[in-house]
Structure formats: C-alpha cells, structure tokens
Amino acid sequence: MKKTLIALAVLGSIAGVAQAQSNVTIYGVVDLGLAHENNGSTSLTRMDDGGLNGSRLGFKGSEDLGGGLSAIFQFENGFTADTGAQADAAKLFNRQSFIGLTGGFGTVKFGRQKNPLYANVETFDPFGDSLAGDSANLFAFSGKRTDNLISYGYGTNGFRGELQYGLGEVPGDASASRTVAGYIGYRKGPVDVVLTHQNIKNAAGTDSTKVTLLGGNYNFGVVKAFATYSWEKGVVFGSAATTQRDQRDALIGLTAPVGAAGTFLISYIRKTDRAITNDNSSQAAIGYIHNLSKRTALYTSYGELRNDGAAKIKVAAAGNTDKLFNIGIRHFF
C-alpha cells in the first residue's frame, strides 16, 4: 500500500510538471441551419453546414521551451455536421495542419495554413466570410489555405505582419505552383486596416495569379464601418487555361450592435471584369446574429447576387440572379 501511494505521488508530480510546461486544447464548432436558394433556374430548400462558422474538430497546443520560446502546433479537421462526412475527403486535417516556434522574435510555422487574404477576412468583411453576404462569392482568395507553407509573423504596438512562402514541389522547377504572399496591418483602438498581396504560380511555372487587397474597418461605437478594394490579375487560379483575367472587387458594409446580445450586418459588393465585356456581378446582403451565450448563437441572413449578361457566379445560366435565405444555430465547444 505504501509503495502504491509513493508511485501515485511520483506520477502526480510528473503530470504536474508536464502540465506546467505544456498544454493541449481540444476544441470544435458545430453549425447547422436551413437554407432556401433560388438561382434563377431552380430552387432548393436544404440543410446547410457552416452557415456562420464551418463545423470542425481541432487540436492545438504549446510547450514552454524556456527563455520565452515555445513550440506550437495546430491540427484542424473540417466536417459537414448534416452528414458527418469529412469536408475534404482527401485531407483529414484540411483546415490547418502546422507546427512551429514562437517567441520574442515572432512566430515561424510549417505546414498547411490560411493564406493572408483569408486570414484577414474579418478585417474587411462584415459577414466574416459567412452567411448570405460571404465575400468569397465575389472576392478572389485564390484558395483559402496553402499546403507546404513556411510563414513568419510578427506584431508589436498595433502593427502586425506575415510573410509566406509555399513550396510548389514540382520536380525540376522550383517556381512552378509556388506561392509568395504576405500582409502588413495595423490594429489599435477603433481602427483595423490591412494590405495583403499574394502571387501563386501555375503548375507550369509560366504565369501566375496575383491578388492585392486593401481593406479595413473603423469602430464608431454605434456602428463599425467596412471598406475594401481588391485587384486580381493573371491566369484563373487552379485552371489549366491561359486566359488572362483583370478584375476589381469593392466592398462597403457595416455591423451594428442590437441590444447586449445581437449584431446586425449589411454589405454591398461589386465585381468588375475588365477583361470580359458584360461579365460584372454585384451582391447585397443583410444578416443578424443573436448570442444566446458565449458559445451558442442563432443567425439568419438574406442576400441577392446579380449577374450581368455574361456573368454566371453561383448560377447555371449567365445573367441570372441568385437569392439565398438561411437560418441556423452555431455552438462552440
């Protein structure tokens, strides 16, 4: 009995030391709702996953290495809560999968990570890349995440920035499928602004997709105002076609508190195509989020995406208008 007590005491001491030096967090999101969408040709009522935040299961943690240096990691799996299937059948940790070091010098990470446009989406989109006002419907992110990515980030006195280099891993051609990207921003008090740029080479290494975005918001207290402008040039991202694109995307919007628990959202986005005649689109949306607690929220939104005669974003026939209404519930755990 005495030996057992001593053993338990030793194990407890070891566990206490390990806990003091490192920590691991298991977290997740479950988000489900109902949506009704009419794309001008057909209409559909469906159950949607991730209306507000994509459902996910994640693991993240850090270990104190001493001297202000820590090892960090994060692995995040996306899934569709309405079916239980993986969001990406080819990737278990499709949302993020990285390891790195952080300290007074900044943060270095290796692995699958968010690209700088998507990482800063809350800065320039009042809907935060969600609901019927999702800026990703019209803005070019060139993919939301990048594989084989090396990143370095640093922040001080409100300033923040990150540089990214994604290895294309094409034998014999270091530039093919390569990503070079980064952002610089300032966030302090009521202002939050960011300038980002991303250049992704095609698989042949002969051309690239280039996106530059300037966006931000200002919190007036009664409302938070958003404004963003984006330039996209080069080939169509992820396509074998060599057709050049030259597009401009502009957004204005705001969020406003409603009582102690609610938030009203509204935005307008205009996409202008300078390479193809009559290939422009616009999107207007409103939404509301009501927090039942720190972890659970109800939401609803409505949006219309209108296409000019040659445009067909979210529709089957060029020139049609897509209308989306949704309502749902999201829970953090």
# chains A, B, ... in the order shown; residues from 1 in each chain; ligands from 1
>>> residues_around(residues="Arg187 in chain A", least_positions_apart="3", cutoff="6 Å", atoms="only C-alpha atoms", output="ChimeraX atom specification")
/A:158,191-192
>>> write_last_selection(atoms="all heavy atoms", output="PDB file, in the first residue's frame")
ATOM      1  N   GLY A 158       0.504  47.416 -32.091  1.00  0.00           N
ATOM      2  CA  GLY A 158      -0.607  47.541 -33.024  1.00  0.00           C
ATOM      3  C   GLY A 158      -0.277  47.116 -34.438  1.00  0.00           C
ATOM      4  O   GLY A 158      -1.174  46.790 -35.220  1.00  0.00           O
ATOM      5  N   VAL A 191      -9.501  51.357 -35.005  1.00  0.00           N
ATOM      6  CA  VAL A 191      -9.100  51.153 -36.397  1.00  0.00           C
ATOM      7  C   VAL A 191      -8.418  49.810 -36.605  1.00  0.00           C
ATOM      8  O   VAL A 191      -7.679  49.323 -35.753  1.00  0.00           O
ATOM      9  CB  VAL A 191      -8.158  52.297 -36.865  1.00  0.00           C
ATOM     10  CG1 VAL A 191      -6.851  52.274 -36.091  1.00  0.00           C
ATOM     11  CG2 VAL A 191      -7.897  52.202 -38.362  1.00  0.00           C
ATOM     12  N   ASP A 192      -8.708  49.203 -37.744  1.00  0.00           N
ATOM     13  CA  ASP A 192      -8.079  47.944 -38.136  1.00  0.00           C
ATOM     14  C   ASP A 192      -7.951  47.969 -39.649  1.00  0.00           C
ATOM     15  O   ASP A 192      -8.956  48.018 -40.378  1.00  0.00           O
ATOM     16  CB  ASP A 192      -8.938  46.764 -37.690  1.00  0.00           C
ATOM     17  CG  ASP A 192      -8.201  45.433 -37.786  1.00  0.00           C
ATOM     18  OD1 ASP A 192      -7.097  45.406 -38.374  1.00  0.00           O
ATOM     19  OD2 ASP A 192      -8.725  44.424 -37.294  1.00  0.00           O
TER      20      ASP A 192
END
>>> residues_around(residues="Thr80 in chain A", least_positions_apart="4", cutoff="7 Å", atoms="only C-alpha atoms", output="list in words")
Asp49, Ser55, Gly84, Ala85, Gln86 and Ala87 of chain A
>>> write_last_selection(atoms="N, CA and C atoms", output="tab-separated table (two decimals), in the first residue's frame")
chain	number	residue	atom	x	y	z
A	49	ASP	N	-24.48	22.99	-43.61
A	49	ASP	CA	-23.46	23.02	-42.57
A	49	ASP	C	-22.67	24.32	-42.70
A	55	SER	N	-18.19	23.75	-39.44
A	55	SER	CA	-18.05	22.75	-38.39
A	55	SER	C	-16.65	22.13	-38.43
A	84	GLY	N	-22.04	14.13	-41.33
A	84	GLY	CA	-20.93	13.53	-40.59
A	84	GLY	C	-19.72	13.25	-41.45
A	85	ALA	N	-19.77	13.60	-42.73
A	85	ALA	CA	-18.65	13.33	-43.64
A	85	ALA	C	-17.56	14.38	-43.47
A	86	GLN	N	-16.33	14.01	-43.89
A	86	GLN	CA	-15.25	14.98	-43.91
A	86	GLN	C	-15.56	16.06	-44.95
A	87	ALA	N	-15.21	17.30	-44.64
A	87	ALA	CA	-15.41	18.38	-45.60
A	87	ALA	C	-14.54	18.18	-46.84
>>> residues_around(residues="Gly111 in chain A", least_positions_apart="4", cutoff="10 Å", atoms="only C-alpha atoms", output="list of chain:residue names")
A:Phe73, A:Gln74, A:Phe75, A:Gln96, A:Ser97, A:Phe98, A:Ile99, A:Gly100, A:Thr146, A:Asp147, A:Asn148, A:Leu149, A:Ile150, A:Ser151, A:Gly166
>>> write_last_selection(atoms="N, CA and C atoms", output="short mmCIF file (atom, residue, chain, number, x, y, z; two decimals), in the first residue's frame")
data_model
loop_
_atom_site.label_atom_id
_atom_site.label_comp_id
_atom_site.auth_asym_id
_atom_site.auth_seq_id
_atom_site.Cartn_x
_atom_site.Cartn_y
_atom_site.Cartn_z
N PHE A 73 1.58 23.97 -32.10
CA PHE A 73 1.04 23.15 -33.18
C PHE A 73 -0.46 23.35 -33.24
N GLN A 74 -1.04 23.03 -34.40
CA GLN A 74 -2.48 23.05 -34.56
C GLN A 74 -2.87 22.13 -35.71
N PHE A 75 -3.85 21.27 -35.44
CA PHE A 75 -4.39 20.37 -36.46
C PHE A 75 -5.91 20.50 -36.41
N GLN A 96 -6.34 23.22 -41.09
CA GLN A 96 -4.98 23.64 -40.75
C GLN A 96 -4.20 22.42 -40.27
N SER A 97 -2.90 22.47 -40.51
CA SER A 97 -2.02 21.39 -40.08
C SER A 97 -0.60 21.92 -40.05
N PHE A 98 -0.18 22.44 -38.88
CA PHE A 98 1.15 23.06 -38.83
C PHE A 98 1.81 22.87 -37.46
N ILE A 99 3.12 23.08 -37.45
CA ILE A 99 3.92 23.09 -36.24
C ILE A 99 4.88 24.26 -36.36
N GLY A 100 5.30 24.82 -35.21
CA GLY A 100 6.16 25.97 -35.31
C GLY A 100 6.78 26.36 -33.98
N THR A 146 -3.06 27.14 -47.89
CA THR A 146 -1.93 26.77 -48.74
C THR A 146 -1.17 25.62 -48.11
N ASP A 147 -0.86 24.61 -48.91
CA ASP A 147 -0.06 23.47 -48.45
C ASP A 147 1.42 23.82 -48.46
N ASN A 148 2.21 23.05 -47.73
CA ASN A 148 3.68 23.15 -47.77
C ASN A 148 4.17 24.58 -47.54
N LEU A 149 3.54 25.26 -46.58
CA LEU A 149 3.78 26.68 -46.39
C LEU A 149 4.75 26.95 -45.24
N ILE A 150 5.68 27.86 -45.48
CA ILE A 150 6.55 28.40 -44.44
C ILE A 150 6.13 29.83 -44.20
N SER A 151 5.83 30.17 -42.94
CA SER A 151 5.38 31.53 -42.65
C SER A 151 6.15 32.13 -41.49
N GLY A 166 5.17 29.26 -50.09
CA GLY A 166 4.64 27.92 -50.26
C GLY A 166 5.41 27.16 -51.33
#
>>> closest_residue(among="A:Arg306, A:Arg274, A:Arg330, A:Lys314", to="Ile289 in chain A", atoms="only C-alpha atoms")
A:Arg330
>>> select_by_dssp(residues="range 160-275 of chain A", states="strand (DSSP E or B)", output="number ranges by chain")
A: 160-166, 170, 173, 179-188, 191-201, 208-219, 224-235, 244-258, 262-273
>>> atom_distance(atom1="CA of Ala174 in chain A", atom2="CA of Gly205 in chain A")
8.4 Å
>>> closest_residue(among="A:Thr83, A:Gln113, A:Asn291, A:Thr102", to="Asp48 in chain A", atoms="only C-alpha atoms")
A:Thr83
>>> select_by_dssp(residues="range 1-116 of chain A", states="helix (DSSP H, G or I)", output="PyMOL selection string")
chain A and resi 2-21+116
